Every structure is written in structure tokens, then in C-alpha cells.
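*Asks:* Before we start, here is the structure in question, set down as C-alpha cells.
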Amino acid sequence: MTKTWRFPAGTAVAVTLCGAGSLWGPSWLAAIAGIALVCVLPGLALLAALRPENALTGAERAMATLGLSLVVVIAGSLVLAAFRVPLDRGSWLAAAATATVLFALIAWARGGRSDVSPVSRSSVRPWLVPSGLAVVLMIGAIVLSVGSDRAQLERNQPAVALSAIRSTADPEQVTISIITGTAGFAGRLELTPLSGAGSVQTVDVDPEKTWRTTITVSENTSLQIDLASASGDEHRTVNVRPIATKGG
Amino acid sequence: MTATIPEARPFTATPPDGTQPPGGATSTTVVLTALGALVVAVAYAMARSGVQLALVVYWTGQCLLFLPPLVLLLARRVMPAASGLTLVLTQALAVYVVKVAYSPVQLRFPDELQHWRSVDTLLSTGKLFEANPALPVSADFPGLASVTGALVSLSGLPITAASLIIAGVSHILVVVALFEAARRLGGSVRLAALVCVLYSTELHYAFFDAMFVYQTLAVAFSAIAIWAALSLGQGLARPAPFTTIALLSSVAAVVTHHLTSVFLAVGLTLVAVLAITRGGSRSSRHVAVVAAVTVAAAITWAATVPVDIVSYAWSPVTQTWNDLTSSGLATSSGARQAPWITAVVGLGFLVSVGLGVVGWLRLRRTGRAARWLPALALGLVLYVGAIGIRFAGGIGQEAFGRAQTWVAIATSAGAAVALLELVRPRPAAFDETPTARHRHRRSRHSWRILLAAGLATSMFVAGRLGGWPAVWGTLPSGFQVSAFELSVDAPVLAAADWVRGSGISGRWYGDRGGLSVVGTTALQDPVRNGADVFYAPTVSERALAQMRKAAVTYLWVDSRIADGSSPSGLIFNDPSLVYPGQGAVPAASLTKFAQSDRFARLYDNGVIALYEVAQ
């Protein structure tokens, strides 16, 4: 069997392009490159190295390619973890690329990759229309669902949320936040300590924004904070408790 | 007596009929099946908008997903390989699209959220085996997290999108492996495709087995390993590639999911024993190697990881036994099931078993796939046993569902053989004229196809009604209390976002819906057993002592748990207080936290209030 450099060279080029696409490409290219690096290329090269020749159908070949790719990524992750290499984009890219090129070289050393039975265009063409239509319908289903799910989430979004939390670094510092929904918020914020005079201020917050203020509340003081909309429809209450009672 | 095992039908990788163009009926079926996914998505959109008749549209779509490929396979005598595979792939993909369409923007099922956290932790720490308080055992099985983390890193996709890709690929791999395994065992394209279509009636095929959970990926690896092992068992001239694929896939399954690795080890051992003892070829010995390595790998991994896998795996068995010895018919989540649903689901199970047995008998009589008949018989027996476990109630249904992923292969295979035998054209009577003979034959054939389709449809309806989502959650119409995906709505997500951004960290009590996001997207430590704290009318010292003992510092209080009981039967994930003890929480029992000076209310969005315990 004549050895040919075509497969390892082609694999190396594909890995390089996908790596570059993953690192520097626009988001759509990075997505395609990432999927190829994780789900396709390592398994393709490993399967070629195994040389099943003509023992596999096209579907079996595709199945083995996908499955082995995921196996290689898991194995690579475990090896990196064993050597205490942090798992991040760089290490995963290096592992996937190294494994893919290595398997391609093994495939070449074992006699090239003459076992691939190419799919003829004539066998694919009759399926293009029904399969294409099926894919369009399924994409339509996803798009419709994403739209309706997002719309439902927006409809049910809380009109406004109020929070108050003591700082862990300085417990006397209390951060009060007003988080608005799609309609924004206008109303008044009332601070009522357990003893002593309180305070009231009007607030007007734009839609989907967070309004914050930090106040000082001594460690042994209780404070109730009420937020009421101008229309009276919305009312929120939070409170701050004395720090001394904590951890008792 | 010596049994004679017939030689397997020779398998050719590229059959002569593989490149035949699709007929009009096949093309139409492919489009109709995909249309089914769109129709179900329309039903989901209608439900989200509160439009009536969504349920009718939903079932119309489900019928389109199942009936066209079924009827085509029953009616056609010969099916080209490409047509069969395309039908099966289209159906699998369309069913997966339906699963995605149920919750496309956000993972919502608790188990999916738990694995979301594993990936999030991996990406933020760069380390495997990091603790996951939401699902501690998952840290020791990093297969799913590592491939998803790699995909997120290299593609720049969000975790949710990457998780949907990995789960989808896994789902498709299972179906392709099943199809090709059936063909390797000598089945026709038509039989292999019918096995896959009938397997889609399995309880958890549509949702749970396609979720972003470690079982989904591990089952895909297992399916590939079993396919390779069966191929080896049939006899191969060059076994090395198949052996390597089986070994690698098996080991990947072992490091991905505990229970699946047990099922796989048992399955491979069974294949090895049958391959060797029942007239195996030289390559059959390779199956023994694969089985031995898988068993060794599973034991080694279980012994290496810190979590006690044996206890973890044994716990459902003991719970199932407790369920068996107690009374009541219940779902996995504790709620009682309507009698008509139980009847329909039960009928579907009976049809599955009945057809499975008929198919087994048919195979035994014809001698086809004789080597594997004991495995088929074992699968049928286990299926019957699993039915008993299901009707025990409690966790029995969940255990049955998990087992179904495996044992339904046996019923699907047997049922496919039985249905094809049912629709096989019969010779006409001698005394009929040719015209009458032709007319009678067509009439009888049509009736047989109708009967076969009816039987298969009963399996399908049982699978959809008895599987996931439960009947009360068929449509994503809106929030329901402690109802898995339906409990994760905008107020819940808003509160979880605030917790994650606030910098607080601690252990939490809450209802099931709240805890599923607190422990995952909010990166907190969820704690069970908090039901008593919520149900008590006042803040008692006993409740505070319980919280101190559990080191619980925060409470998640969803005001809607006072509005009604959970359709799942359990508002709290509290084994100490199970159905029917968990009714709606009295409203006063929730306001007590605001009135007590022992709690500081940190957050309020009108629906969810979060409290810090001032102990």
C-alpha cells in the first residue's frame, strides 16, 4: 500500500485552521472550529489510525468518529489533570491538536488512509431536498421555542426587587439595591430603624438597571427598608438585623 | 443435547441497496416527522401564551413524530439502507428538538442544572474532581464536564448551548449504534429501523435520556461499546479496530457515570459469555477481553474515587424495596397518578412484553440470531420485573425508568420481529380466483398493518404518558410549585442571579424548585430536610436548633408554595416528610420569617424572599 502524506498533512492543516478559528475567529467561526476540535477531528484521526478498512458502514464510521472524539477529549482532560495542568482553552486546544496530529501520523505510518469509501454525490443528491426541508422545519421549531420561552420569561420578570446586605469587610456598611424589570420603577424608599427617626427618599430607576446606595448601620441596630411604587401596586420589604446576634 | 447455532448472515458494510434513491413515501415521511417537531413546538408556544387547544396540537405533533415512520416501515417490504437510516436519524433528531423546545433558553431540570454547575466549576477553577454540593457524586465522574468544558472553551459557546450539543450528539449516537447493532446481528434494514422506532417509545427516550446528564453521555459510550462487542461476537476477520473502539468507549463510560458502567459491565459480560459458549468465532474472545477490562476499570474507578459508590448505587435498591413493602400507587415524585393513566401505561407495558415474547418465540423457531436469544429473554424478564418495581410507587418509578433505557432494547427488538411477522404477506387460499385472492390478500394485509400500528401506538402512548415530562407538565404553560422544569421561572432565576452576584455563600433550606437553582446557578450549598422549618406555624427553638445542626444560614422562601400543593407531590426534597404529608404550606407559616427578629430578609422580588438566619 502506498503511503501518502495527504491525510496527516490535511489533518494538520485542519487542526491549525480550527485552532486559529477557535482562538481568533469571530464567534460563529469559533463555534464551528470548537465543535470540530472536540467532536470530529480527534475521532477522525484515531479511527484512521485503527484502520478498520471497509468493515464499517458510513453511519458506523460517523458514529465511531463522534464517539472516539469525545473519548479522546475525556482522556486528554484526565491526563492534563493528572499532570496538574490547568484545564483552559490553551491546554484543551493543545491536547486536542496533539492527539489529532499524532493519530494522523500513526495512520500514515500504518499505510495511509486508503480505507475511506467516499460518499458519491449521486447517492447524496436525492436526499438533499427532503433532508434540507426536515432541517429547516426543525430549526423553525427551535427558533419558535426560543422566542416563546424568552417572551414568557420577560412577561414573568419581577417588576422590581429590593435587597439589603451588610458588607463582609465592614458590617456597618449596608448596600441597598433596587433591581428593575422591563418597566423601570418610580416610587419611594423608606428606612425605618427600630428606634429613632427614619428617612424617606424618592427613587426613579430606568428599566433593567440596578440602583445602589450604601448606608451606615451600626452593628447593634435593626433597620427595616420598604420600597413602594408611586402607583401603590408594588411593595417590597427587606431588613437589616443586628450583627451581634449572629453566630450565637 | 447439542444446540446448533446457525451462522450469522454475512454483513456487508456497503450493501448494494445502500445507495438507492429515496422513494416519494420515504421523503414525505422524513418531512412529516420533522413537521411533528415543529407542531409540538407550536403547541409549546401556545401553552406559554395561554392559548387553548395546545394539548390537542401537542398530541398531533407527537403522532407525526411516531406514526409516519412506523407505518412506512410496516407497509414497505424492502427498505434501502440509506432510507432506513435517514428515517431513524430524522425521528431521533426531531424527538431531541422537541426536548430542546421544552426549555430552549435555559437548562431547568434539576439534574441538568447540577451538571451545569460541574461545568461552571471546571471552567472557573481549571480543575477536574472539584466538589459539587448540588450533586457530590458527579465530581468523581468528570467525563461529561470535561467534554462540555472543552467545547465551551474552544467554541466560545455558552454552557447551555454546548450542553445541548453534547446531549444531542449522545442521543443520536445511541440510535445509530442500536440501528447498526441490529443490522450486524443479521437484521434487515427494515427490522433495524423498526427496532429504533419502537425504542423511541421507551419511557425516558424523549426527555431524560436526552438530557444534559452524565448518564446520557455514558449510555452513548455504552451503546458504541455494545455495538462493537456484538460485532466481534458475530465474527470478524480483523477484530482489532472493533476491540479498540469497544475498550475505549467502555472506559469512557466508566469515568462518566457509575450506574451505567455497572449496566455496561453486566451487558458486556453477557455478550462475552454468549459469544464464546454458543459457537463463537476467534474474534469472540476479544469480547471477553473487553468485558474483563470494563469490569476491572469499573471496580478500580469505584475503589479510587472518594465517594462510596456501592452505597450510592445500593440506596435506590433499598428504597425500592421499602416502596414494594408499602402500599400506594405513586409516581417517582410522590404524586398519585390518575387511574386512567395507570391503565393506559399498564396496557402499553403489557403489549411491549407480549410482543417481545412473540418476537422471541419467532426468532427461536426460525433460528435467527439464536446466539443472542438468552440475552433477549433476560431483557424481557428484567422488563417484567421492572414493571413490578414501577407500580410499587415512590422511587420505584425512577428506578424503572433508569432500567428501561436498557431493558427496553429487548422489548423493542422482540416487538419489531413480532410486528414484521404480523404484517408479513401470507399465501392465499388455493380455492380463490386470482382476482379475489389479490383483493383478499390486500385487505388482510391492510388490516394487519392497522393492527400492528395500533399495538405499536399503545406502546408509544404509554411511553409518553408514563415517561417524562409527567402528565401535569406535558406543556410548559407556566410556573408550578416544586415541579422540576416548571418551577424555574423568571422570579426564581432573578433571585438566583442576585444570590450569585451578592457574594454570599452558605447552606440553604428551601423548596425543591428553589434549591435546584440555589445549588446550581447560584453556586450555593443546598440542604435537604428543611420541610419542618417551613411547615411550623412559628419560629421555634427546635427549628433554629435544626438549622444550627445542619449549619444552614439562609432560607429560600417562595411565596407560591402557600398557594397550593405541588403536582409532583413533594414541595420539599425531604425524605423525613413524604407524600401525602406535604400539602400546601399555610401562608402564616411563611410570613413568620418576616415577623421574627431571628431572620434578616436580604432580598424581596415580590415572589421570592431570601432570609439570612441570625442565629
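A note on labels: chains of the C-alpha cells are A, B, ... as shown, every chain counts residues from 1, and ligands are counted from 1 in their shown order.
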Using only C-alpha atoms, determine which residues lie at most 9 Å from B:Val42, disregarding the query and same-chain residues fewer than 3 positions distant; provide the list as a PyMOL selection string.

*Replies:* (chain A and resi 141+144-145) or (chain B and resi 37-39+45-47+54+57-58+61)

*Asks:* Those same residues - C-alpha atoms - I'd like them written as a PDB file, in the first residue's frame.

*Replies:*
```
ATOM      1  CA  ALA A 141     -39.174  24.600  15.834  1.00  0.00           C
ATOM      2  CA  LEU A 144     -40.130  29.430  17.641  1.00  0.00           C
ATOM      3  CA  SER A 145     -39.434  27.851  21.030  1.00  0.00           C
TER       4      SER A 145
ATOM      5  CA  ALA B  37     -41.254  18.599  15.916  1.00  0.00           C
ATOM      6  CA  LEU B  38     -42.472  21.948  14.611  1.00  0.00           C
ATOM      7  CA  VAL B  39     -46.077  21.176  15.546  1.00  0.00           C
ATOM      8  CA  ALA B  45     -45.617  28.293  22.252  1.00  0.00           C
ATOM      9  CA  MET B  46     -49.417  28.195  22.523  1.00  0.00           C
ATOM     10  CA  ALA B  47     -49.159  26.865  26.077  1.00  0.00           C
ATOM     11  CA  ALA B  54     -52.384  23.427  22.924  1.00  0.00           C
ATOM     12  CA  VAL B  57     -51.813  20.347  18.875  1.00  0.00           C
ATOM     13  CA  TYR B  58     -49.168  18.698  21.065  1.00  0.00           C
ATOM     14  CA  GLY B  61     -47.272  16.674  16.676  1.00  0.00           C
TER      15      GLY B  61
END
```

*Asks:* Mind checking which residues fall within 6 Å of B:Ser250, counting only C-alpha atoms, ignoring those fewer than 4 positions away in the same chain, and posting them as a list of chain:residue names?

*Replies:*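 With the cut-off at 6 Å, the set is B:Ala225, B:Ala246, B:Thr294.
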
*Asks:* Since we have the selection now, will you write its residues out, keeping N, CA and C atoms, as a PDB file, in the first residue's frame?

*Replies:*
```
ATOM      1  N   ALA B 225     -19.916   0.678  22.652  1.00  0.00           N
ATOM      2  CA  ALA B 225     -19.162  -0.492  23.131  1.00  0.00           C
ATOM      3  C   ALA B 225     -19.942  -1.779  22.872  1.00  0.00           C
ATOM      4  N   ALA B 246     -14.314  -0.667  21.316  1.00  0.00           N
ATOM      5  CA  ALA B 246     -15.097  -1.136  22.472  1.00  0.00           C
ATOM      6  C   ALA B 246     -14.383  -0.805  23.779  1.00  0.00           C
ATOM      7  N   THR B 294     -13.486  -3.850  31.190  1.00  0.00           N
ATOM      8  CA  THR B 294     -14.557  -2.953  31.665  1.00  0.00           C
ATOM      9  C   THR B 294     -14.867  -3.211  33.137  1.00  0.00           C
TER      10      THR B 294
END
```

*Asks:* Residues near stretch 29-45 of chain A, anyone? I mean within 9 Å using only C-alpha atoms, not counting same-chain ones fewer than 4 positions away, as a ChimeraX atom specification.

*Replies:* /A:7-8,11,14-15,17-25,49-50,61-62,64-73,93,96-97,99-107 /B:147-148,150-157,162,165-166,169

*Asks:* Take the residues that were just selected and, keeping N, CA and C atoms, output them as a compact mmCIF listing (two decimals), in the first residue's frame.

*Replies:*
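For reference, again_11.txt as written:
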```txt
# COMPACT_ATOMS: atom_id res chain seq x y z
N PHE A 7 -3.23 12.56 4.10
CA PHE A 7 -4.08 12.55 5.30
C PHE A 7 -3.45 13.28 6.48
N PRO A 8 -2.18 12.94 6.88
CA PRO A 8 -1.61 13.69 8.01
C PRO A 8 -1.46 15.18 7.71
N THR A 11 -4.88 16.72 7.87
CA THR A 11 -5.32 16.80 9.27
C THR A 11 -4.63 17.95 10.00
N ALA A 14 -6.12 21.15 8.93
CA ALA A 14 -7.46 21.31 9.52
C ALA A 14 -7.36 21.71 10.99
N VAL A 15 -6.45 21.06 11.71
CA VAL A 15 -6.28 21.38 13.13
C VAL A 15 -5.79 22.81 13.30
N LEU A 17 -6.17 25.36 11.21
CA LEU A 17 -7.25 26.30 10.88
C LEU A 17 -8.29 26.37 11.99
N CYS A 18 -8.65 25.19 12.50
CA CYS A 18 -9.66 25.17 13.58
C CYS A 18 -9.11 25.84 14.83
N GLY A 19 -7.85 25.59 15.13
CA GLY A 19 -7.24 26.23 16.30
C GLY A 19 -7.24 27.74 16.16
N ALA A 20 -6.86 28.19 14.97
CA ALA A 20 -6.85 29.64 14.73
C ALA A 20 -8.26 30.21 14.80
N GLY A 21 -9.20 29.47 14.23
CA GLY A 21 -10.59 29.92 14.26
C GLY A 21 -11.11 30.00 15.69
N SER A 22 -10.72 29.00 16.50
CA SER A 22 -11.16 28.98 17.89
C SER A 22 -10.58 30.14 18.69
N LEU A 23 -9.30 30.44 18.42
CA LEU A 23 -8.61 31.47 19.22
C LEU A 23 -8.94 32.89 18.76
N TRP A 24 -8.94 33.07 17.43
CA TRP A 24 -9.04 34.45 16.94
C TRP A 24 -10.24 34.71 16.03
N GLY A 25 -10.98 33.69 15.71
CA GLY A 25 -12.08 33.88 14.76
C GLY A 25 -13.28 34.57 15.37
N ALA A 49 -6.29 5.80 12.33
CA ALA A 49 -5.15 5.06 12.88
C ALA A 49 -5.52 3.61 13.17
N LEU A 50 -6.78 3.37 13.49
CA LEU A 50 -7.23 1.99 13.78
C LEU A 50 -7.38 1.18 12.50
N ARG A 61 -19.01 4.61 10.66
CA ARG A 61 -17.82 5.44 10.64
C ARG A 61 -18.09 6.80 11.31
N ALA A 62 -19.22 7.38 10.98
CA ALA A 62 -19.60 8.67 11.59
C ALA A 62 -19.80 8.52 13.09
N ALA A 64 -18.48 6.21 15.07
CA ALA A 64 -17.19 5.99 15.73
C ALA A 64 -16.38 7.28 15.80
N THR A 65 -16.47 8.09 14.76
CA THR A 65 -15.73 9.35 14.75
C THR A 65 -16.19 10.26 15.89
N LEU A 66 -17.50 10.42 16.01
CA LEU A 66 -18.04 11.28 17.07
C LEU A 66 -17.70 10.71 18.46
N GLY A 67 -17.97 9.42 18.62
CA GLY A 67 -17.75 8.79 19.92
C GLY A 67 -16.29 8.82 20.33
N LEU A 68 -15.40 8.47 19.41
CA LEU A 68 -13.97 8.45 19.74
C LEU A 68 -13.45 9.86 20.01
N SER A 69 -13.99 10.84 19.32
CA SER A 69 -13.56 12.23 19.59
C SER A 69 -13.82 12.59 21.05
N LEU A 70 -15.02 12.26 21.51
CA LEU A 70 -15.36 12.59 22.90
C LEU A 70 -14.48 11.78 23.86
N VAL A 71 -14.18 10.53 23.49
CA VAL A 71 -13.30 9.71 24.32
C VAL A 71 -11.92 10.36 24.42
N VAL A 72 -11.41 10.84 23.29
CA VAL A 72 -10.07 11.45 23.29
C VAL A 72 -10.06 12.71 24.15
N VAL A 73 -11.13 13.49 24.08
CA VAL A 73 -11.18 14.72 24.89
C VAL A 73 -11.21 14.38 26.38
N LEU A 93 -6.89 22.98 23.70
CA LEU A 93 -6.54 23.08 22.29
C LEU A 93 -5.26 22.30 22.00
N ALA A 96 -6.07 18.50 22.17
CA ALA A 96 -6.85 18.01 21.02
C ALA A 96 -5.99 18.02 19.76
N ALA A 97 -5.23 19.08 19.57
CA ALA A 97 -4.40 19.18 18.36
C ALA A 97 -3.30 18.13 18.37
N ALA A 99 -3.19 15.23 19.98
CA ALA A 99 -3.75 13.89 19.79
C ALA A 99 -4.15 13.67 18.33
N THR A 100 -4.77 14.66 17.74
CA THR A 100 -5.24 14.51 16.36
C THR A 100 -4.06 14.29 15.40
N VAL A 101 -3.05 15.13 15.53
CA VAL A 101 -1.89 15.02 14.63
C VAL A 101 -1.16 13.69 14.89
N LEU A 102 -1.05 13.33 16.15
CA LEU A 102 -0.38 12.07 16.49
C LEU A 102 -1.10 10.87 15.86
N PHE A 103 -2.40 10.84 15.98
CA PHE A 103 -3.16 9.73 15.39
C PHE A 103 -3.06 9.75 13.86
N ALA A 104 -3.05 10.95 13.30
CA ALA A 104 -2.92 11.04 11.84
C ALA A 104 -1.57 10.49 11.39
N LEU A 105 -0.53 10.76 12.17
CA LEU A 105 0.80 10.23 11.83
C LEU A 105 0.83 8.71 11.97
N ILE A 106 0.15 8.20 13.00
CA ILE A 106 0.08 6.74 13.16
C ILE A 106 -0.66 6.13 11.96
N ALA A 107 -1.74 6.78 11.56
CA ALA A 107 -2.49 6.30 10.39
C ALA A 107 -1.58 6.27 9.16
N VAL B 147 -15.82 17.08 28.54
CA VAL B 147 -16.10 17.33 27.12
C VAL B 147 -16.89 18.64 26.95
N THR B 148 -17.81 18.90 27.87
CA THR B 148 -18.59 20.15 27.74
C THR B 148 -17.71 21.36 28.02
N ALA B 150 -14.51 21.54 27.54
CA ALA B 150 -13.63 21.73 26.38
C ALA B 150 -14.40 22.41 25.25
N LEU B 151 -15.63 21.99 25.04
CA LEU B 151 -16.42 22.59 23.95
C LEU B 151 -16.71 24.06 24.23
N VAL B 152 -17.04 24.38 25.47
CA VAL B 152 -17.28 25.78 25.83
C VAL B 152 -16.02 26.61 25.60
N SER B 153 -14.89 26.07 26.05
CA SER B 153 -13.63 26.82 25.93
C SER B 153 -13.23 27.03 24.48
N LEU B 154 -13.34 25.98 23.69
CA LEU B 154 -12.82 26.06 22.32
C LEU B 154 -13.82 26.69 21.34
N SER B 155 -15.09 26.66 21.68
CA SER B 155 -16.08 27.21 20.74
C SER B 155 -16.57 28.60 21.14
N GLY B 156 -16.38 28.95 22.41
CA GLY B 156 -16.90 30.22 22.89
C GLY B 156 -18.40 30.20 23.11
N LEU B 157 -19.01 29.04 22.97
CA LEU B 157 -20.46 28.93 23.19
C LEU B 157 -20.77 29.00 24.68
N ALA B 162 -23.54 24.56 24.61
CA ALA B 162 -22.61 23.44 24.49
C ALA B 162 -23.22 22.16 25.07
N ILE B 165 -25.56 20.58 22.65
CA ILE B 165 -24.86 19.88 21.56
C ILE B 165 -24.37 18.51 22.04
N ILE B 166 -23.75 18.47 23.21
CA ILE B 166 -23.22 17.20 23.72
C ILE B 166 -24.35 16.20 23.96
N VAL B 169 -25.68 15.02 20.52
CA VAL B 169 -24.76 14.07 19.88
C VAL B 169 -24.89 12.70 20.55
```

*Asks:* Looking at only C-alpha atoms, which of A:Thr98, A:Thr237, A:Thr202, A:Ser231 is the one that sits closest to A:Leu46?

*Replies:*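 So, comparing all the options, the nearest one is A:Thr98.
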
*Asks:* Quick one, how far is atom CA of B:Leu475 from atom CA of A:Gln157?

*Replies:*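 Straight-line distance from atom CA of B:Leu475 to atom CA of A:Gln157 works out to 20.0 Å.
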
*Asks:* According to DSSP computed on the backbone, where in stretch 365-602 of chain B is there strand (DSSP E)? Give the residues as number ranges by chain.

*Replies:* B: 507-509, 525-526, 552-558, 599-602

*Asks:* Per residue of stretch 341-421 of chain B within 12 Å of stretch 193-204 of chain B, note the shortest atom pair and the distance in Å to one decimal, counting only C-alpha atoms, and order the rows by chain and increasing residue number, as a tab-separated table.

*Replies:*
```
residue	atom	partner	partner_atom	distance
B:Val345	CA	B:Leu203	CA	9.8
B:Gly348	CA	B:Thr201	CA	9.5
B:Phe349	CA	B:Glu202	CA	9.9
B:Val351	CA	B:Thr201	CA	11.9
B:Ser352	CA	B:Leu198	CA	9.4
B:Leu355	CA	B:Leu198	CA	11.2
B:Gly356	CA	B:Leu198	CA	11.1
B:Gly359	CA	B:Val195	CA	11.6
B:Tyr383	CA	B:Glu202	CA	11.3
B:Ile387	CA	B:Leu203	CA	11.6
B:Arg390	CA	B:Leu203	CA	11.4
B:Gln397	CA	B:Leu203	CA	10.2
B:Glu398	CA	B:His204	CA	9.9
B:Ala399	CA	B:His204	CA	11.5
B:Phe400	CA	B:Leu203	CA	9.1
B:Gly401	CA	B:Leu203	CA	6.3
B:Arg402	CA	B:His204	CA	7.9
B:Ala403	CA	B:His204	CA	9.9
B:Gln404	CA	B:Glu202	CA	6.7
B:Thr405	CA	B:Glu202	CA	7.0
B:Trp406	CA	B:Glu202	CA	9.5
B:Val407	CA	B:Glu202	CA	9.4
B:Ala408	CA	B:Glu202	CA	6.2
B:Ile409	CA	B:Tyr199	CA	6.4
B:Ala410	CA	B:Tyr199	CA	9.2
B:Thr411	CA	B:Tyr199	CA	8.2
B:Ser412	CA	B:Val195	CA	5.3
B:Ala413	CA	B:Val195	CA	5.2
B:Gly414	CA	B:Val195	CA	8.3
B:Ala415	CA	B:Leu198	CA	7.7
B:Ala416	CA	B:Val195	CA	5.4
B:Val417	CA	B:Val195	CA	8.4
B:Ala418	CA	B:Leu194	CA	10.8
B:Leu419	CA	B:Leu194	CA	9.0
B:Leu420	CA	B:Leu194	CA	8.7
```

*Asks:* Find the residues around A:Arg188 up to 6 Å (only C-alpha atoms counted), leave out those fewer than 5 positions away in its own chain, and share them as a ChimeraX atom specification.

*Replies:* /A:201-203,227-228

*Asks:* Please produce a file of the residues just selected, as a compact mmCIF listing (two decimals), in the first residue's frame, where the atoms kept are C-alpha atoms.

*Replies:*
```txt
# COMPACT_ATOMS: atom_id res chain seq x y z
CA GLN A 201 -36.45 59.29 49.59
CA THR A 202 -37.92 59.10 46.14
CA VAL A 203 -36.28 56.85 43.60
CA LEU A 227 -39.92 50.17 48.74
CA ALA A 228 -43.30 51.24 47.39
```

*Asks:* Near B:Ala75, counting only C-alpha atoms, which residues have an atom at most 8 Å away, once you skip same-chain residues fewer than 4 positions from it, shown as a PyMOL selection string?

*Replies:* chain B and resi 71+423+449

*Asks:* For A:Gly147, work out the shell of residues within 12 Å, counting only C-alpha atoms and skipping chain neighbours fewer than 4 positions away, then give it as an MDAnalysis selection string.

*Replies:* (chainID A and resid 140:143 151:154) or (chainID B and resid 41:42 44:46 48:49 101:105)

*Asks:* Write out as a PyMOL selection string the residues lying within 12 Å of A:Ser77, counting only C-alpha atoms and excluding same-chain residues fewer than 6 positions away.

*Replies:* (chain A and resi 38+70-71+83-89+91-96+99) or (chain B and resi 122+126-129+142-151+252+255)

*Asks:* Which residue is closest to chain A? Choose from B:Asp209, B:Asp497, B:Glu180, B:Asp111 and count only C-alpha atoms.

*Replies:*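 The closest residue to chain A is B:Glu180.
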
*Asks:* Any idea what the distance is between atom CA of B:Val95 and atom CA of A:Asp149?

*Replies:* 18.4 Å

*Asks:* Which residue out of A:Val217, A:Ile225, A:Ala75, A:Val238 has the minimum interatomic distance to chain B when only C-alpha atoms are used?

*Replies:*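 Among A:Val217, A:Ile225, A:Ala75, A:Val238, it is A:Val238 that comes nearest to chain B.
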
*Asks:* Give me, please, the distance in Å between atom CA of B:Ile172 and atom CA of B:Ile299, quoted to one decimal.

*Replies:*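 We find that atom CA of B:Ile172 and atom CA of B:Ile299 lie 28.7 Å from each other.
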
*Asks:* Identify all residues of stretch 49-83 of chain A in alpha helix (DSSP H) (DSSP on the backbone) and supply them as a ChimeraX atom specification.

*Replies:* /A:49-50,58-82

*Asks:* Compare A:Ile179, A:Leu194, A:Ala230, A:Ser222 by their minimum atom-to-atom distance to A:Pro207, counting only C-alpha atoms, and give me the closest one.

*Replies:*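 Ranked by minimum distance to A:Pro207, first place goes to A:Ile179.
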
*Asks:* For B:Ala298, which of B:Arg190, B:Thr591, B:Phe141, B:Leu67 is the closest residue, counting only C-alpha atoms?

*Replies:* B:Phe141
